[in-house]
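Source file: target_18.txt (compact mmCIF, C-alpha atoms and all ligand atoms)
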# COMPACT_ATOMS: atom_id res chain seq x y z
CA MET O 14 108.04 89.30 61.70
CA THR O 15 109.52 91.62 64.30
CA THR O 16 111.23 89.92 67.24
CA PRO O 17 111.29 91.24 70.86
CA GLU O 18 115.04 91.78 70.42
CA GLN O 19 114.35 94.32 67.69
CA LEU O 20 111.81 96.36 69.62
CA ILE O 21 112.59 96.05 73.33
CA ARG O 22 115.31 98.38 74.62
CA PRO O 23 118.72 96.65 75.11
CA GLU O 24 118.85 97.52 78.82
CA ILE O 25 115.54 95.69 79.36
CA LEU O 26 116.72 92.69 77.31
CA ALA O 27 119.80 92.56 79.55
CA MET O 28 117.76 92.50 82.79
CA SER O 29 116.48 89.47 84.68
CA ALA O 30 112.99 89.55 86.17
CA TYR O 31 112.74 90.00 89.96
CA HIS O 32 113.42 86.50 91.20
CA VAL O 33 111.12 84.85 93.74
CA PRO O 34 112.25 81.27 94.53
CA PRO O 35 109.62 78.55 95.06
CA ALA O 36 108.94 78.14 98.77
CA SER O 37 106.32 75.46 99.18
CA LYS O 38 106.87 73.39 102.35
CA MET O 39 109.92 75.49 103.25
CA VAL O 40 110.50 77.53 106.41
CA LYS O 41 110.26 80.86 104.64
CA LEU O 42 112.78 83.33 106.00
CA ASP O 43 113.76 85.11 102.80
CA ALA O 44 111.25 87.90 102.27
CA MET O 45 110.76 89.87 105.52
CA GLU O 46 107.20 88.68 106.03
CA ASN O 47 105.44 88.62 109.38
CA PRO O 48 105.43 84.88 110.21
CA TYR O 49 102.22 84.94 112.24
CA ARG O 50 98.71 84.21 111.00
CA LEU O 51 95.74 86.21 112.30
CA PRO O 52 93.72 84.94 115.28
CA THR O 53 90.87 82.62 114.20
CA ALA O 54 88.06 85.01 115.18
CA LEU O 55 89.56 87.79 113.09
CA ARG O 56 90.05 85.46 110.14
CA GLN O 57 86.40 84.46 110.33
CA GLN O 58 85.28 88.08 110.56
CA LEU O 59 87.39 88.89 107.51
CA GLY O 60 86.05 85.92 105.57
CA GLN O 61 82.46 86.91 106.17
CA GLY O 62 83.00 90.54 105.28
CA LEU O 63 84.94 89.72 102.13
CA GLY O 64 82.11 87.48 100.94
CA ASP O 65 79.68 90.40 101.03
CA ILE O 66 81.77 92.72 98.87
CA ALA O 67 80.38 93.67 95.47
CA ILE O 68 83.29 92.51 93.34
CA ASN O 69 81.32 93.29 90.18
CA ARG O 70 81.87 97.00 90.89
CA TYR O 71 85.07 98.99 90.53
CA PRO O 72 86.67 100.09 93.81
CA ASP O 73 86.04 103.45 95.48
CA ALA O 74 88.75 105.22 93.54
CA GLY O 75 89.24 107.99 96.09
CA TYR O 76 89.97 105.50 98.88
CA GLY O 77 88.35 107.88 101.39
CA GLU O 78 87.63 105.30 104.13
CA LEU O 79 91.00 103.65 103.88
CA LYS O 80 92.94 106.92 103.80
CA GLY O 81 91.00 108.13 106.84
CA ARG O 82 91.98 104.99 108.76
CA LEU O 83 95.64 105.34 107.73
CA ARG O 84 95.64 108.99 108.79
CA ARG O 85 94.33 108.06 112.23
CA ILE O 86 96.47 105.00 112.88
CA TYR O 87 99.70 106.58 111.66
CA ASN O 88 98.93 110.04 112.94
CA LEU O 89 99.62 111.61 109.55
CA PRO O 90 99.98 115.40 109.61
CA GLU O 91 96.81 117.12 108.45
CA GLN O 92 98.63 119.40 105.97
CA ALA O 93 100.23 116.41 104.25
CA ALA O 94 98.57 114.48 101.42
CA VAL O 95 98.54 110.70 101.20
CA MET O 96 98.60 108.51 98.12
CA LEU O 97 98.05 104.74 97.94
CA GLY O 98 99.84 102.18 95.83
CA ASN O 99 99.57 98.51 95.00
CA GLY O 100 102.49 97.87 97.32
CA SER O 101 105.14 100.53 97.78
CA ASP O 102 106.82 99.08 94.68
CA GLU O 103 104.12 100.72 92.59
CA LEU O 104 104.72 104.06 94.26
CA ILE O 105 108.47 103.84 93.58
CA GLN O 106 107.60 103.29 89.96
CA ILE O 107 105.16 106.21 89.87
CA LEU O 108 107.76 108.50 91.45
CA ALA O 109 110.30 107.56 88.81
CA MET O 110 107.76 107.93 85.99
CA GLY O 111 106.91 111.38 87.26
CA LEU O 112 110.48 112.62 87.40
CA ALA O 113 111.87 110.83 84.36
CA ARG O 114 113.03 113.04 81.51
CA PRO O 115 116.14 112.92 79.33
CA GLY O 116 119.19 113.14 81.57
CA ALA O 117 117.27 112.99 84.87
CA LYS O 118 119.04 110.97 87.57
CA LEU O 119 117.79 108.66 90.30
CA MET O 120 120.21 108.26 93.20
CA SER O 121 120.37 105.67 95.93
CA LEU O 122 122.87 104.22 98.35
CA GLU O 123 124.49 100.86 97.59
CA PRO O 124 123.70 98.20 98.51
CA SER O 125 120.03 99.01 99.00
CA PHE O 126 116.61 97.89 97.78
CA VAL O 127 117.18 96.55 94.25
CA MET O 128 113.94 97.98 92.85
CA TYR O 129 115.34 101.54 92.95
CA ARG O 130 117.90 100.65 90.31
CA MET O 131 115.57 98.39 88.33
CA ILE O 132 112.82 101.03 88.20
CA ALA O 133 115.32 103.72 87.16
CA THR O 134 116.13 101.46 84.19
CA PHE O 135 112.44 100.81 83.41
CA CYS O 136 111.79 104.56 83.33
CA GLN O 137 114.99 105.48 81.48
CA MET O 138 116.37 107.53 84.35
CA GLN O 139 120.13 107.49 84.85
CA TYR O 140 120.95 105.54 87.99
CA VAL O 141 123.57 106.82 90.43
CA GLY O 142 124.57 104.52 93.31
CA VAL O 143 126.65 105.88 96.19
CA PRO O 144 128.51 103.02 97.91
CA LEU O 145 128.13 102.61 101.65
CA ARG O 146 131.30 101.98 103.64
CA GLU O 147 132.46 98.38 104.10
CA ASP O 148 130.57 98.13 107.39
CA PHE O 149 127.43 99.48 105.63
CA THR O 150 127.52 102.86 107.37
CA LEU O 151 126.74 105.95 105.34
CA ASP O 152 129.63 107.90 103.87
CA ILE O 153 128.00 111.30 104.27
CA GLU O 154 130.78 113.32 102.64
CA ALA O 155 130.79 111.11 99.52
CA THR O 156 126.99 111.20 99.43
CA LEU O 157 126.82 115.00 99.64
CA ALA O 158 129.56 115.34 97.02
CA THR O 159 127.62 113.03 94.68
CA ILE O 160 124.43 115.05 95.16
CA GLU O 161 126.34 118.24 94.38
CA ARG O 162 127.96 116.73 91.29
CA GLU O 163 125.05 114.71 89.84
CA GLN O 164 122.07 116.86 90.89
CA PRO O 165 119.70 113.87 91.09
CA ALA O 166 116.00 114.58 90.51
CA LEU O 167 115.05 111.73 92.83
CA ILE O 168 116.85 110.20 95.83
CA PHE O 169 115.72 107.05 97.64
CA ILE O 170 116.96 106.30 101.13
CA ALA O 171 115.70 103.12 102.78
CA TYR O 172 115.51 103.88 106.51
CA PRO O 173 116.27 101.28 107.91
CA ASN O 174 118.13 100.01 104.89
CA ASN O 175 117.44 96.75 103.06
CA PRO O 176 119.41 94.42 102.84
CA THR O 177 121.77 95.73 105.53
CA GLY O 178 119.16 96.32 108.26
CA ASN O 179 120.77 99.42 109.76
CA HIS O 180 119.53 102.95 110.33
CA PHE O 181 121.67 105.78 109.04
CA PRO O 182 122.14 108.73 111.42
CA ALA O 183 119.06 110.98 111.28
CA GLU O 184 121.31 114.02 111.15
CA HIS O 185 122.93 112.71 107.95
CA ILE O 186 119.56 112.20 106.32
CA THR O 187 118.61 115.75 107.23
CA ARG O 188 121.80 117.01 105.58
CA ILE O 189 120.94 115.02 102.45
CA ILE O 190 117.41 116.49 102.34
CA ARG O 191 118.82 120.02 102.76
CA ALA O 192 121.52 119.51 100.11
CA ALA O 193 119.21 117.97 97.50
CA LYS O 194 117.51 120.20 94.96
CA GLY O 195 115.44 117.19 93.89
CA LEU O 196 112.93 115.07 95.75
CA VAL O 197 114.11 112.88 98.63
CA VAL O 198 112.05 109.79 99.43
CA VAL O 199 112.70 108.26 102.83
CA ASP O 200 111.48 104.68 102.40
CA GLU O 201 110.34 103.48 105.81
CA ALA O 202 109.27 99.95 104.86
CA TYR O 203 110.72 98.63 108.16
CA GLU O 204 109.56 101.45 110.41
CA ALA O 205 107.51 99.13 112.64
CA PHE O 206 110.73 97.47 113.82
CA ALA O 207 112.82 100.63 114.02
CA ARG O 208 113.51 103.31 116.59
CA ASP O 209 113.01 106.35 114.49
CA SER O 210 110.96 107.85 111.65
CA PHE O 211 111.09 110.92 109.43
CA LEU O 212 107.31 111.16 109.21
CA PRO O 213 107.07 114.04 111.72
CA LYS O 214 109.52 115.99 109.51
CA VAL O 215 107.42 115.68 106.37
CA THR O 216 105.84 119.11 106.81
CA GLU O 217 109.21 120.69 107.60
CA PHE O 218 110.89 119.93 104.26
CA PRO O 219 109.00 120.61 101.00
CA ASN O 220 111.22 118.13 99.08
CA LEU O 221 110.66 115.20 101.46
CA LEU O 222 108.26 112.30 100.88
CA ILE O 223 107.79 109.37 103.24
CA LEU O 224 107.09 105.95 101.80
CA ARG O 225 105.51 103.21 103.91
CA THR O 226 104.15 99.72 103.34
CA LEU O 227 101.84 97.42 105.25
CA SER O 228 103.69 94.39 103.88
CA LYS O 229 106.14 93.87 106.72
CA ILE O 230 103.65 94.07 109.57
CA GLY O 231 101.49 91.23 108.27
CA MET O 232 99.72 92.27 105.07
CA ALA O 233 102.28 91.42 102.38
CA GLY O 234 99.66 89.47 100.43
CA LEU O 235 97.26 92.41 100.33
CA ARG O 236 99.70 94.74 98.56
CA LEU O 237 99.26 98.18 100.05
CA GLY O 238 101.84 100.93 100.23
CA PHE O 239 101.34 104.61 100.91
CA MET O 240 103.24 107.82 100.42
CA VAL O 241 102.94 111.00 102.46
CA GLY O 242 104.05 114.49 101.50
CA ALA O 243 103.23 117.98 100.36
CA PRO O 244 99.96 118.13 98.35
CA ALA O 245 101.81 119.99 95.57
CA TRP O 246 103.91 116.85 94.91
CA ILE O 247 101.29 114.22 95.63
CA ASN O 248 98.73 115.88 93.32
CA GLU O 249 101.15 115.55 90.41
CA PHE O 250 101.95 111.90 91.14
CA GLU O 251 98.22 111.12 91.47
CA LYS O 252 97.95 111.82 87.73
CA LEU O 253 100.23 108.84 87.07
CA ARG O 254 98.39 106.39 89.31
CA PRO O 255 96.41 103.74 87.44
CA PRO O 256 92.76 104.18 88.44
CA TYR O 257 91.57 101.50 90.89
CA ASN O 258 95.11 100.39 91.75
CA VAL O 259 93.97 99.16 95.18
CA ASN O 260 91.32 96.49 94.77
CA VAL O 261 88.10 96.17 96.79
CA LEU O 262 89.20 93.07 98.71
CA THR O 263 92.42 94.77 99.78
CA GLN O 264 90.60 97.94 100.79
CA TYR O 265 88.17 96.02 102.94
CA ALA O 266 90.76 93.69 104.49
CA VAL O 267 93.16 96.50 105.34
CA GLU O 268 90.39 98.62 106.88
CA THR O 269 89.32 95.65 109.01
CA LEU O 270 92.87 94.95 110.17
CA LEU O 271 93.61 98.60 110.87
CA ASP O 272 90.56 98.61 113.14
CA GLN O 273 92.28 95.83 115.10
CA ILE O 274 95.79 97.14 114.78
CA ASP O 275 96.70 95.96 118.29
CA VAL O 276 96.79 92.38 116.99
CA LEU O 277 99.47 93.32 114.46
CA ARG O 278 101.30 95.56 116.93
CA GLU O 279 101.57 92.65 119.32
CA GLN O 280 102.96 90.44 116.56
CA THR O 281 105.47 93.18 115.69
CA GLU O 282 106.58 93.25 119.34
CA GLN O 283 107.05 89.48 119.25
CA ILE O 284 109.18 89.80 116.14
CA LYS O 285 111.33 92.46 117.82
CA GLN O 286 111.80 90.21 120.86
CA ALA O 287 112.65 87.28 118.58
CA ARG O 288 115.18 89.45 116.75
CA MET O 289 116.97 90.18 120.03
CA GLN O 290 117.03 86.50 120.88
CA GLN O 291 118.35 85.59 117.42
CA VAL O 292 121.07 88.26 117.64
CA GLU O 293 122.24 86.72 120.92
CA ARG O 294 122.25 83.22 119.45
CA LEU O 295 124.10 84.26 116.31
CA ALA O 296 126.78 85.95 118.45
CA THR O 297 127.84 82.48 119.65
CA LEU O 298 128.89 81.42 116.14
CA PRO O 299 132.59 82.26 115.80
CA THR O 300 132.79 82.17 112.00
CA LEU O 301 129.71 84.36 111.46
CA THR O 302 129.66 88.17 111.48
CA GLN O 303 126.32 89.89 111.97
CA TYR O 304 125.43 93.51 111.31
CA PRO O 305 123.20 95.64 113.58
CA SER O 306 119.53 95.50 112.64
CA ASP O 307 116.62 97.87 113.18
CA ALA O 308 114.44 95.78 110.88
CA ASN O 309 112.80 92.34 110.86
CA PHE O 310 115.85 90.68 109.34
CA ILE O 311 119.53 90.29 110.12
CA LEU O 312 122.36 90.52 107.62
CA VAL O 313 125.20 88.08 108.28
CA ARG O 314 128.49 87.21 106.64
CA VAL O 315 129.77 83.63 106.62
CA PRO O 316 132.84 81.97 105.12
CA ASP O 317 130.94 80.54 102.10
CA ALA O 318 127.42 81.97 101.66
CA PRO O 319 126.42 79.93 98.58
CA ALA O 320 127.33 76.68 100.39
CA VAL O 321 125.54 77.72 103.60
CA HIS O 322 122.51 78.82 101.60
CA ALA O 323 122.42 75.44 99.87
CA ALA O 324 122.81 73.55 103.17
CA LEU O 325 119.93 75.52 104.69
CA LYS O 326 117.80 74.74 101.68
CA VAL O 327 118.47 71.03 102.13
CA ALA O 328 117.36 71.50 105.75
CA GLY O 329 114.11 73.02 104.43
CA ILE O 330 114.92 76.65 105.24
CA LEU O 331 114.85 79.45 102.72
CA VAL O 332 116.94 82.59 103.37
CA LYS O 333 118.21 85.20 100.93
CA ASN O 334 121.64 84.63 99.43
CA LEU O 335 123.16 88.02 98.61
CA HIS O 336 126.53 86.73 97.46
CA GLY O 337 127.13 88.25 94.05
CA ALA O 338 124.35 90.83 94.40
CA HIS O 339 126.85 93.61 95.16
CA PRO O 340 130.64 93.70 95.76
CA LEU O 341 130.09 94.74 99.39
CA LEU O 342 127.80 91.75 99.99
CA GLN O 343 130.38 89.01 99.38
CA ASN O 344 129.31 85.92 101.36
CA CYS O 345 126.34 87.67 102.92
CA LEU O 346 122.97 86.11 103.76
CA ARG O 347 119.84 87.96 104.85
CA LEU O 348 117.91 86.15 107.55
CA THR O 349 114.30 87.21 108.10
CA VAL O 350 113.19 86.99 111.73
CA GLY O 351 110.46 84.37 111.98
CA THR O 352 108.67 82.74 114.90
CA SER O 353 110.80 81.54 117.85
CA GLU O 354 110.59 77.98 116.52
CA GLU O 355 111.61 78.99 113.01
CA ASN O 356 114.51 81.03 114.33
CA GLN O 357 115.70 78.10 116.43
CA LEU O 358 115.51 75.79 113.39
CA LEU O 359 117.47 78.28 111.35
CA PHE O 360 120.08 78.70 114.05
CA ASP O 361 120.58 74.94 114.45
CA ALA O 362 120.90 74.39 110.71
CA LEU O 363 123.25 77.36 110.39
CA LYS O 364 125.42 76.09 113.21
CA SER O 365 125.70 72.61 111.66
CA ALA O 366 126.46 74.05 108.23
CA LEU O 367 129.20 76.30 109.63
CA MET O 368 130.69 73.51 111.74
CA ALA O 369 130.82 71.21 108.72
CA MET O 370 132.93 73.87 106.97
CA ASP O 371 135.42 74.42 109.77
N1 LIG J 401 111.02 99.36 100.14
C1 LIG J 401 111.90 98.55 100.74
C2 LIG J 401 113.10 99.15 101.40
C3 LIG J 401 111.70 97.16 100.74
O1 LIG J 401 112.61 96.37 101.31
C4 LIG J 401 110.55 96.63 100.11
C5 LIG J 401 110.23 95.15 100.08
N2 LIG J 401 111.25 94.28 100.02
C6 LIG J 401 109.67 97.52 99.49
C7 LIG J 401 109.92 98.88 99.53
C8 LIG J 401 108.45 97.05 98.72
O2 LIG J 401 107.46 96.61 99.54
P1 LIG J 401 105.97 96.40 99.05
O3 LIG J 401 105.94 96.56 97.55
O4 LIG J 401 105.61 95.04 99.51
O5 LIG J 401 105.17 97.48 99.72
Once more with this new file: its structure as C-alpha cells, please.
Ligand code: PMP
Amino acid sequence: MTTPEQLIRPEILAMSAYHVPPASKMVKLDAMENPYRLPTALRQQLGQGLGDIAINRYPDAGYGELKGRLRRIYNLPEQAAVMLGNGSDELIQILAMGLARPGAKLMSLEPSFVMYRMIATFCQMQYVGVPLREDFTLDIEATLATIEREQPALIFIAYPNNPTGNHFPAEHITRIIRAAKGLVVVDEAYEAFARDSFLPKVTEFPNLLILRTLSKIGMAGLRLGFMVGAPAWINEFEKLRPPYNVNVLTQYAVETLLDQIDVLREQTEQIKQARMQQVERLATLPTLTQYPSDANFILVRVPDAPAVHAALKVAGILVKNLHGAHPLLQNCLRLTVGTSEENQLLFDALKSALMAMD
C-alpha cells in the first residue's frame, strides 16, 4: 500500500499545521479578536433571522446583496471589482493559485503574516522574504533591490503589519507598487484600528489589490474576507473561487451587522482607547520593550518570553508567544487588546511574572 510519505510532497510533510491552542476558560488575547459580544437586541434579531434561512438551498453565488452592502459601507470605488472569500486566508490562497507557475515567486516582508509563506509552499511558488530592520521598520532600499533581482509575481504587504503592529511609510509602499512588475496586495486586515489605507489608491495603480477582512472588527467566527481591485484581475481570480464559498448563514449575519455598523464602529473605538491605555501601562514596566501599534495588538519584548508566556497561561491568560517564530522575534510576545478588564488582568499578571524574574 502507498503511504502518505510516498505521495505527499516533502515540503508539505515537513510543515506543521497552523497551530491554534485550546482556549476554553482562558482570557483569550492571542488572536486579535474583538472581545465584545453584540448587544442583546441585535443578537435576538440575528437569531430570528438566521432561523428563517433556507439552509437546504445553496447560497446566492453572486453575493449581490452582500457586495452591495460592502460597497456602501466601505465606499469602494465604482470602477473597482470586489471578490469575497471564506476569510481573507482563502483569498490569499486563491491569489497564489492564480499566479503560481514554475519559477514564480511570492515575496513578503519578514516577519509578517505566516500564511503568506505557508500558502506559497502549498501552491509551489518560491517564497522570498525580505527582512525588516531590527526595530521592524521597512528597509526600502533592500526591498526595492529584492524586487528588482527576484521579479516576484506576487507581493504581500500587511499594512499595518502582523505580528509587529506597525504601519510602513505610505510613500515606501507606493515605491514598491511602482517598482513591482507583478501584483502587489496590500493586506489591510487591521485597517479599522489604523490611521491610513491604500483603498483610495486602488484605481490609480493597475497592479494593486486591497485585501480586507471582517474578522478583526467582530466577525471572526463568520469568516468573511474581501478583495478589491481592477476587474481585469478580479475576473481571473473569480475562476479559482470555489462556488458557494460564503455560506448562507454568514451572508445573512454579515448583511445584518453591516446594517448596524455603528455598533461595531463603537466597539472598535473602545478597542483603540483600550490600546492607548495599555500602551501607557506597559511603559511602566522597565524590563519590557513595546513596539508602536496601529492595530488591535501590541508586540512586546521581555527578558524570557517562553517563561512569561507560561506564567500568563498559569494565570489563565492566553497571548501569542513568538519566540522562535523568526530570528527578529526573539523573546517577543503579541498581546491582543481586549476589554479594559482583560487588559488590566494581563498587565497585572505580566508585571508579577516580570518581577519574579528580576
Ligand atoms: N491578513 C493578516 C495580516 C492577518 O493577520 C490575518 C489574521 N491573522 C489574516 C489576513 C486572515 O484573516 P481572516 O482569514 O480571518 O480574514
Quiz item: Neighbours of ligand LIG 401 (chain J) within 8 Å, counting all atoms listed in the file, as a PyMOL selection string?
Solution: chain O and resi 44-45+99-103+105+125-126+128+171-176+200-203+224-229+233+236-238
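Atom pair atom CA of O:Asp361 / atom CA of O:Ala205: separated by 27.6 Å.
Using all atoms listed in the file, the shortest contact distance between O:Thr216 and any of O:Ala362, O:Gln137, O:Tyr31, O:Gly242 is found at O:Gly242.
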Quiz item: If we count all atoms listed in the file, what is near O:Glu293 at a cut-off of 12 Å, once residues fewer than 2 positions away on the same chain are taken out, given as a PyMOL selection string?
Solution: chain O and resi 286-291+295-298+303+305+311+356-357+360
Serialized selection, C-alpha atoms, as a compact mmCIF listing (two decimals), in the frame of the given file:
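Below is the file that was written, out-v6.txt:
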# COMPACT_ATOMS: atom_id res chain seq x y z
CA GLN O 286 111.80 90.21 120.86
CA ALA O 287 112.65 87.28 118.58
CA ARG O 288 115.18 89.45 116.75
CA MET O 289 116.97 90.18 120.03
CA GLN O 290 117.03 86.50 120.88
CA GLN O 291 118.35 85.59 117.42
CA LEU O 295 124.10 84.26 116.31
CA ALA O 296 126.78 85.95 118.45
CA THR O 297 127.84 82.48 119.65
CA LEU O 298 128.89 81.42 116.14
CA GLN O 303 126.32 89.89 111.97
CA PRO O 305 123.20 95.64 113.58
CA ILE O 311 119.53 90.29 110.12
CA ASN O 356 114.51 81.03 114.33
CA GLN O 357 115.70 78.10 116.43
CA PHE O 360 120.08 78.70 114.05
Practice problem: Take atom CA of O:Cys345 and atom CA of O:Pro124 and report the distance between them in Å, one decimal. | Solution: 11.7 Å
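Across the structure, atom CA of O:Lys333 and atom CA of O:Glu354 are spaced 18.8 Å apart.
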Exercise. Skip O:Arg22 itself and residues of its chain fewer than 4 positions away, then list as an MDAnalysis selection string all residues within 12 Å of it, counting all atoms listed in the file.
Key: chainID O and resid 16:18 26:28 134:137
Export of the given selection (C-alpha atoms) as a PDB file, in the coordinates of the input:
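Contents of again_16.pdb, freshly written:
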ATOM      1  CA  THR O  16     111.230  89.920  67.240  1.00  0.00           C
ATOM      2  CA  PRO O  17     111.290  91.240  70.860  1.00  0.00           C
ATOM      3  CA  GLU O  18     115.040  91.780  70.420  1.00  0.00           C
ATOM      4  CA  LEU O  26     116.720  92.690  77.310  1.00  0.00           C
ATOM      5  CA  ALA O  27     119.800  92.560  79.550  1.00  0.00           C
ATOM      6  CA  MET O  28     117.760  92.500  82.790  1.00  0.00           C
ATOM      7  CA  THR O 134     116.130 101.460  84.190  1.00  0.00           C
ATOM      8  CA  PHE O 135     112.440 100.810  83.410  1.00  0.00           C
ATOM      9  CA  CYS O 136     111.790 104.560  83.330  1.00  0.00           C
ATOM     10  CA  GLN O 137     114.990 105.480  81.480  1.00  0.00           C
TER      11      GLN O 137
END
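The environment of O:Arg114 within 10 Å, counting only C-alpha atoms and disregarding residues fewer than 4 places along the same chain, consists of Ala109, Met110, Lys118, Cys136, Gln137, Met138, Gln139 and Ala166 of chain O.
Nearest to O:Ala30 of all the residues O:Ala93, O:Met131, O:Glu279, O:Thr53 is O:Met131, counting only C-alpha atoms.
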Quiz item: If we count all atoms listed in the file, what is near O:Val141 at a cut-off of 12 Å, once residues fewer than 5 positions away on the same chain are taken out, given as a VMD selection string?
Solution: chain O and resid 116 to 124 129 to 131 133 to 134 156 159 to 160 162 to 169
Could N, CA and C atoms be built for stretch 157-177 of chain O and written out as a PDB file, in the frame of the given file?
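File written: out.pdb
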ATOM      1  N   LEU O 157     127.099 113.574  99.912  1.00  0.00           N
ATOM      2  CA  LEU O 157     126.820 115.000  99.640  1.00  0.00           C
ATOM      3  C   LEU O 157     127.566 115.459  98.379  1.00  0.00           C
ATOM      4  N   ALA O 158     128.790 114.961  98.222  1.00  0.00           N
ATOM      5  CA  ALA O 158     129.560 115.340  97.020  1.00  0.00           C
ATOM      6  C   ALA O 158     128.870 114.812  95.763  1.00  0.00           C
ATOM      7  N   THR O 159     128.316 113.598  95.841  1.00  0.00           N
ATOM      8  CA  THR O 159     127.620 113.030  94.680  1.00  0.00           C
ATOM      9  C   THR O 159     126.363 113.839  94.358  1.00  0.00           C
ATOM     10  N   ILE O 160     125.643 114.244  95.389  1.00  0.00           N
ATOM     11  CA  ILE O 160     124.430 115.050  95.160  1.00  0.00           C
ATOM     12  C   ILE O 160     124.802 116.355  94.468  1.00  0.00           C
ATOM     13  N   GLU O 161     125.875 116.971  94.946  1.00  0.00           N
ATOM     14  CA  GLU O 161     126.340 118.240  94.380  1.00  0.00           C
ATOM     15  C   GLU O 161     126.738 118.067  92.898  1.00  0.00           C
ATOM     16  N   ARG O 162     127.438 116.954  92.638  1.00  0.00           N
ATOM     17  CA  ARG O 162     127.960 116.730  91.290  1.00  0.00           C
ATOM     18  C   ARG O 162     126.864 116.277  90.309  1.00  0.00           C
ATOM     19  N   GLU O 163     126.009 115.356  90.761  1.00  0.00           N
ATOM     20  CA  GLU O 163     125.050 114.710  89.840  1.00  0.00           C
ATOM     21  C   GLU O 163     123.685 115.401  89.806  1.00  0.00           C
ATOM     22  N   GLN O 164     123.376 116.181  90.817  1.00  0.00           N
ATOM     23  CA  GLN O 164     122.070 116.860  90.890  1.00  0.00           C
ATOM     24  C   GLN O 164     120.902 115.911  90.592  1.00  0.00           C
ATOM     25  N   PRO O 165     120.772 114.828  91.386  1.00  0.00           N
ATOM     26  CA  PRO O 165     119.700 113.870  91.090  1.00  0.00           C
ATOM     27  C   PRO O 165     118.315 114.499  91.272  1.00  0.00           C
ATOM     28  N   ALA O 166     117.375 114.104  90.386  1.00  0.00           N
ATOM     29  CA  ALA O 166     116.000 114.580  90.510  1.00  0.00           C
ATOM     30  C   ALA O 166     115.290 113.835  91.633  1.00  0.00           C
ATOM     31  N   LEU O 167     115.756 112.608  91.886  1.00  0.00           N
ATOM     32  CA  LEU O 167     115.050 111.730  92.830  1.00  0.00           C
ATOM     33  C   LEU O 167     116.076 110.926  93.627  1.00  0.00           C
ATOM     34  N   ILE O 168     115.932 110.958  94.962  1.00  0.00           N
ATOM     35  CA  ILE O 168     116.850 110.200  95.830  1.00  0.00           C
ATOM     36  C   ILE O 168     116.011 109.266  96.695  1.00  0.00           C
ATOM     37  N   PHE O 169     116.387 107.993  96.741  1.00  0.00           N
ATOM     38  CA  PHE O 169     115.720 107.050  97.640  1.00  0.00           C
ATOM     39  C   PHE O 169     116.676 106.676  98.767  1.00  0.00           C
ATOM     40  N   ILE O 170     116.190 106.779  99.994  1.00  0.00           N
ATOM     41  CA  ILE O 170     116.960 106.300 101.130  1.00  0.00           C
ATOM     42  C   ILE O 170     116.068 105.355 101.936  1.00  0.00           C
ATOM     43  N   ALA O 171     116.463 104.089 101.984  1.00  0.00           N
ATOM     44  CA  ALA O 171     115.700 103.120 102.780  1.00  0.00           C
ATOM     45  C   ALA O 171     116.160 103.280 104.229  1.00  0.00           C
ATOM     46  N   TYR O 172     115.198 103.483 105.128  1.00  0.00           N
ATOM     47  CA  TYR O 172     115.510 103.880 106.510  1.00  0.00           C
ATOM     48  C   TYR O 172     114.566 103.146 107.452  1.00  0.00           C
ATOM     49  N   PRO O 173     115.009 102.000 108.045  1.00  0.00           N
ATOM     50  CA  PRO O 173     116.270 101.280 107.910  1.00  0.00           C
ATOM     51  C   PRO O 173     116.494 100.753 106.486  1.00  0.00           C
ATOM     52  N   ASN O 174     117.763 100.436 106.237  1.00  0.00           N
ATOM     53  CA  ASN O 174     118.130 100.010 104.890  1.00  0.00           C
ATOM     54  C   ASN O 174     117.911  98.504 104.689  1.00  0.00           C
ATOM     55  N   ASN O 175     117.513  98.146 103.493  1.00  0.00           N
ATOM     56  CA  ASN O 175     117.440  96.750 103.060  1.00  0.00           C
ATOM     57  C   ASN O 175     118.513  96.586 101.975  1.00  0.00           C
ATOM     58  N   PRO O 176     119.395  95.629 102.006  1.00  0.00           N
ATOM     59  CA  PRO O 176     119.410  94.420 102.840  1.00  0.00           C
ATOM     60  C   PRO O 176     120.300  94.507 104.080  1.00  0.00           C
ATOM     61  N   THR O 177     120.779  95.698 104.438  1.00  0.00           N
ATOM     62  CA  THR O 177     121.770  95.730 105.530  1.00  0.00           C
ATOM     63  C   THR O 177     121.121  95.805 106.911  1.00  0.00           C
TER      64      THR O 177
END
